[in-house]
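**Q** One structure, pasted below without further comment.
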Amino acid sequence: MPEGSGPLPVPHALDPLRAGELILLRRRAGDSALLRLEPGPRSVEGKGVVDLTPLVGADPGSPFDWAGTRYRVLRPNLSDLIAHLRRRAQIVTPKDAQQLLLLGGVGPGAKVLEAGAGSGALTMVLAFAVGPTGRVISYDRRPDFLEVARRNLAAAGLEDRVEFRLRDLGAEGIEERGASSLVLDVAEPWTVLPSARDALVAGGSVATYTPTYNQLERTVRELRALGFEEVRSIELLERSLHVGEGGTRPEFEMLGHTGFLTGARWMGGPW
């Protein structure tokens with residue numbers, strides 16, 4: 001992903017393209033480039049040199065010819081940002097990430113704590129969901145993962161919504177207070193949960209991602225022991241459909257198990 005130069009106010013979908021914002025040059029699925037719209041020629045890794053000057057002030061959807069190929073210029077959506085993310089660690093898949101938003105009660109204006117920044121894919125989804133008035137505080141115990149995540153969020157223009165902190169929440173606990181959501185993608189989420197009660201507001205939610213049954217069982221056991229309510233665990237399986245005239249059927253391959261998702265709420269203590 002391209003390096004960011006700071007966030008811009010969120011444009012209306014029909015506004016002309018502005019210098020400094022992110023754009024997507026798209027020819028077809030899997031053949032696109034995510035770039036910062038800046039006048040003048042520039043080198044694009046693996047694609048050559050491009051001059052985006054004519055696109056400043058152009059309408060989204062305008063055609064653009066580059067190296068003998070016609071592209072359409074678009075404002076990128078969240079799927080585009082994730083597709084162009086530079087990966088250092090395995091990411092939470094979009095099918096799971098969107099459900100974690102619901103389980104974690106994440107929405108516009110929320111204050112969200114995240115443990116396990118990784119490459120920043122889930123951080124990006126959280127930052128997108130909280131909007132310009134929300135805040136995401138993302139923790140990781142590995143400085144190299146934090147740096148990759150920080151660069152990816154800057155490239156997506158969402159760095160103003162996220163604060164990255166080097167901290168092992170399992171060993172050191174959560175020092176932050178007044179959070180509405182806690183999202184955990186760590187190997188031992190049960191070690192973080194005791195301090196979650198002080199970090200969350202009454203009615204705040206926890207959402208966890210655990211790849212194995214043993215992790216899931218121990219996480220749910222700890223949630224119940226600590227007095228969390230509305231504990232719910234699910235798994236999502238994704239299967240595409242082959243749609244043809246008179247011959248629609250499920251695809252033979254599917255995106256099966258990736259992780260177990262658990263949500264719970266902290267109501268402030270015993271009734």
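Please note that chains go A, B, ... in the order of the structure tokens, that every chain numbers its residues from 1, and that ligands are numbered from 1 in the order shown.
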Give me, as CSV, each residue of stretch 59-139 of chain A that comes within 9 Å of stretch 28-38 of chain A, together with its shortest interatomic pair and the distance in Å at one decimal, counting only C-alpha atoms, with rows ordered by chain and rising residue number.
**A**
```
residue,atom,partner,partner_atom,distance
A:Tyr71,CA,A:Ser32,CA,8.4
A:Pro76,CA,A:Leu34,CA,7.8
A:Asp80,CA,A:Leu34,CA,8.1
A:Leu81,CA,A:Leu34,CA,7.9
A:Ala83,CA,A:Gly30,CA,8.9
A:His84,CA,A:Leu34,CA,7.0
```
**Q** Determine, using only C-alpha atoms, which residues of stretch 60-137 of chain A have any atom at most 12 Å from an atom of stretch 210-214 of chain A, and tabulate each with its shortest atom pair and distance in Å to one decimal place, rows ordered by chain and then rising number, as CSV.
**A**
```
residue,atom,partner,partner_atom,distance
A:Gln90,CA,A:Pro211,CA,11.8
A:Val92,CA,A:Pro211,CA,10.4
A:Asp96,CA,A:Thr210,CA,11.0
A:Leu100,CA,A:Thr210,CA,11.7
A:Gly116,CA,A:Thr210,CA,11.9
```
**Q** Please produce an output containing N, CA and C atoms for each residue in the selection, written as a compact mmCIF listing (two decimals), in the first residue's frame.
**A**
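Saved the output as again28.txt:
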```txt
# COMPACT_ATOMS: atom_id res chain seq x y z
N GLN A 90 -0.68 -13.50 9.74
CA GLN A 90 -1.97 -13.97 9.24
C GLN A 90 -3.07 -13.01 9.69
N VAL A 92 -7.19 -11.70 10.20
CA VAL A 92 -8.57 -12.13 10.39
C VAL A 92 -9.31 -11.89 9.08
N ASP A 96 -15.05 -12.99 9.16
CA ASP A 96 -14.98 -12.97 10.62
C ASP A 96 -14.92 -11.55 11.16
N LEU A 100 -17.19 -9.76 14.13
CA LEU A 100 -16.58 -9.26 15.36
C LEU A 100 -17.06 -7.85 15.69
N GLY A 116 -3.58 -7.54 19.74
CA GLY A 116 -3.13 -8.35 18.62
C GLY A 116 -3.22 -7.57 17.33
```
**Q** So, with only C-alpha atoms as the atoms that count, which of A:Asp59, A:Glu238, A:Glu230, A:Glu21 lies closest to A:Leu103?
**A**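 Among A:Asp59, A:Glu238, A:Glu230, A:Glu21, it is A:Glu230 that comes nearest to A:Leu103.
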**Q** From the options A:Ala225, A:Leu237, A:Met254, A:Val192, which residue's atoms come nearest to A:Pro270, counting only C-alpha atoms?
**A**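 Of the candidates, the smallest distance to A:Pro270 is held by A:Ala225.
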**Q** I want to know what sits within 12 Å of A:Trp271, based on only C-alpha atoms, with residues of the same chain fewer than 2 positions away left out; could you give that as a list of chain:residue names?
**A** A:Gly227, A:Phe228, A:Glu229, A:Trp266, A:Met267, A:Gly268, A:Gly269
**Q** The selected residues should be written to file as a compact mmCIF listing (two decimals), in the first residue's frame (atoms: N, CA and C atoms).
**A**
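So the final result, stored in out.txt, reads:
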```txt
# COMPACT_ATOMS: atom_id res chain seq x y z
N GLY A 227 -18.16 -13.12 35.42
CA GLY A 227 -19.45 -12.46 35.51
C GLY A 227 -19.92 -11.76 34.25
N PHE A 228 -19.26 -12.03 33.12
CA PHE A 228 -19.75 -11.48 31.86
C PHE A 228 -21.07 -12.15 31.48
N GLU A 229 -21.92 -11.41 30.81
CA GLU A 229 -23.23 -11.92 30.42
C GLU A 229 -23.37 -11.95 28.90
N TRP A 266 -20.21 -6.85 29.59
CA TRP A 266 -19.95 -6.56 30.98
C TRP A 266 -21.02 -5.58 31.47
N MET A 267 -21.80 -6.00 32.45
CA MET A 267 -22.92 -5.18 32.92
C MET A 267 -22.58 -4.39 34.18
N GLY A 268 -21.32 -4.40 34.59
CA GLY A 268 -20.91 -3.58 35.72
C GLY A 268 -20.83 -4.32 37.03
N GLY A 269 -21.04 -5.63 37.02
CA GLY A 269 -20.94 -6.39 38.25
C GLY A 269 -22.23 -7.13 38.55
```
**Q** Just list as a short mmCIF file (atom, residue, chain, number, x, y, z; two decimals) with N, CA and C atoms, in the first residue's frame whatever in stretch 122-161 of chain A DSSP marks as alpha helix (DSSP H).
**A**
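Listing of selection_5.cif after writing:
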```
data_model
loop_
_atom_site.label_atom_id
_atom_site.label_comp_id
_atom_site.auth_asym_id
_atom_site.auth_seq_id
_atom_site.Cartn_x
_atom_site.Cartn_y
_atom_site.Cartn_z
N LEU A 122 -7.56 -6.24 10.94
CA LEU A 122 -8.71 -6.04 11.83
C LEU A 122 -8.71 -4.62 12.38
N THR A 123 -7.54 -4.07 12.65
CA THR A 123 -7.45 -2.68 13.09
C THR A 123 -8.07 -1.75 12.08
N MET A 124 -7.84 -2.04 10.81
CA MET A 124 -8.39 -1.22 9.73
C MET A 124 -9.91 -1.30 9.71
N VAL A 125 -10.46 -2.49 9.90
CA VAL A 125 -11.92 -2.66 9.95
C VAL A 125 -12.50 -1.90 11.14
N LEU A 126 -11.85 -2.00 12.28
CA LEU A 126 -12.31 -1.29 13.47
C LEU A 126 -12.27 0.22 13.27
N ALA A 127 -11.16 0.72 12.71
CA ALA A 127 -11.02 2.16 12.48
C ALA A 127 -12.06 2.66 11.49
N PHE A 128 -12.34 1.87 10.47
CA PHE A 128 -13.35 2.23 9.48
C PHE A 128 -14.72 2.31 10.16
N ALA A 129 -15.00 1.37 11.08
CA ALA A 129 -16.31 1.29 11.71
C ALA A 129 -16.56 2.41 12.72
N VAL A 130 -15.52 2.82 13.47
CA VAL A 130 -15.74 3.85 14.50
C VAL A 130 -15.91 5.23 13.90
N PRO A 143 7.05 -5.21 18.61
CA PRO A 143 7.21 -3.91 17.95
C PRO A 143 7.23 -4.00 16.44
N ASP A 144 7.71 -5.13 15.87
CA ASP A 144 7.73 -5.24 14.41
C ASP A 144 6.31 -5.33 13.86
N PHE A 145 5.40 -6.03 14.55
CA PHE A 145 4.02 -6.08 14.11
C PHE A 145 3.36 -4.71 14.22
N LEU A 146 3.65 -3.99 15.29
CA LEU A 146 3.07 -2.66 15.45
C LEU A 146 3.50 -1.73 14.33
N GLU A 147 4.75 -1.84 13.91
CA GLU A 147 5.25 -0.97 12.84
C GLU A 147 4.56 -1.28 11.52
N VAL A 148 4.38 -2.56 11.21
CA VAL A 148 3.68 -2.93 9.98
C VAL A 148 2.24 -2.43 10.02
N ALA A 149 1.57 -2.65 11.14
CA ALA A 149 0.18 -2.20 11.27
C ALA A 149 0.08 -0.68 11.16
N ARG A 150 1.01 0.02 11.79
CA ARG A 150 1.00 1.48 11.74
C ARG A 150 1.16 1.98 10.30
N ARG A 151 2.05 1.37 9.56
CA ARG A 151 2.26 1.79 8.18
C ARG A 151 1.04 1.48 7.31
N ASN A 152 0.40 0.35 7.55
CA ASN A 152 -0.80 0.00 6.77
C ASN A 152 -1.96 0.95 7.06
N LEU A 153 -2.12 1.33 8.32
CA LEU A 153 -3.20 2.27 8.66
C LEU A 153 -2.91 3.66 8.10
N ALA A 154 -1.65 4.06 8.11
CA ALA A 154 -1.29 5.35 7.51
C ALA A 154 -1.54 5.34 6.01
N ALA A 155 -1.22 4.23 5.38
CA ALA A 155 -1.42 4.12 3.94
C ALA A 155 -2.89 4.18 3.58
#
```
**Q** Could you check the closest approach to A:Thr69 for each of A:Lys47, A:Arg135, A:Gly203, A:Val220 and tell me which residue wins, using only C-alpha atoms?
**A** A:Lys47
**Q** With only C-alpha atoms as the basis for distance, which of A:Asp15, A:Asp160, A:Glu251, A:Glu114 is at the shortest distance from A:Asp185?
**A**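 Closest to A:Asp185 of all the choices is A:Glu114.
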**Q** With only C-alpha atoms as the counted atoms, please give the residues lying no more than 12 Å from A:Ala187, apart from itself and same-chain residues fewer than 6 positions off, as number ranges by chain.
**A** A: 115-116, 140-141, 168-170, 208-212, 214-216, 218-219, 259
**Q** Just list the residues in stretch 90-236 of chain A DSSP gives strand (DSSP E) on the backbone, as a ChimeraX atom specification.
**A** /A:111-115,135-140,162-166,179-184,200-210,229-234
**Q** Counting only C-alpha atoms, which residue out of A:Gly256, A:Gly131, A:Gly40, A:Gly120 sits closest to A:Glu235?
**A**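 Closest to A:Glu235 of all the choices is A:Gly256.
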**Q** Which residue out of A:Leu14, A:Ala121, A:Leu166, A:Ala110 has the minimum interatomic distance to A:Leu200 when only C-alpha atoms are used?
**A**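 Ranking A:Leu14, A:Ala121, A:Leu166, A:Ala110 by distance to A:Leu200, first place goes to A:Ala110.
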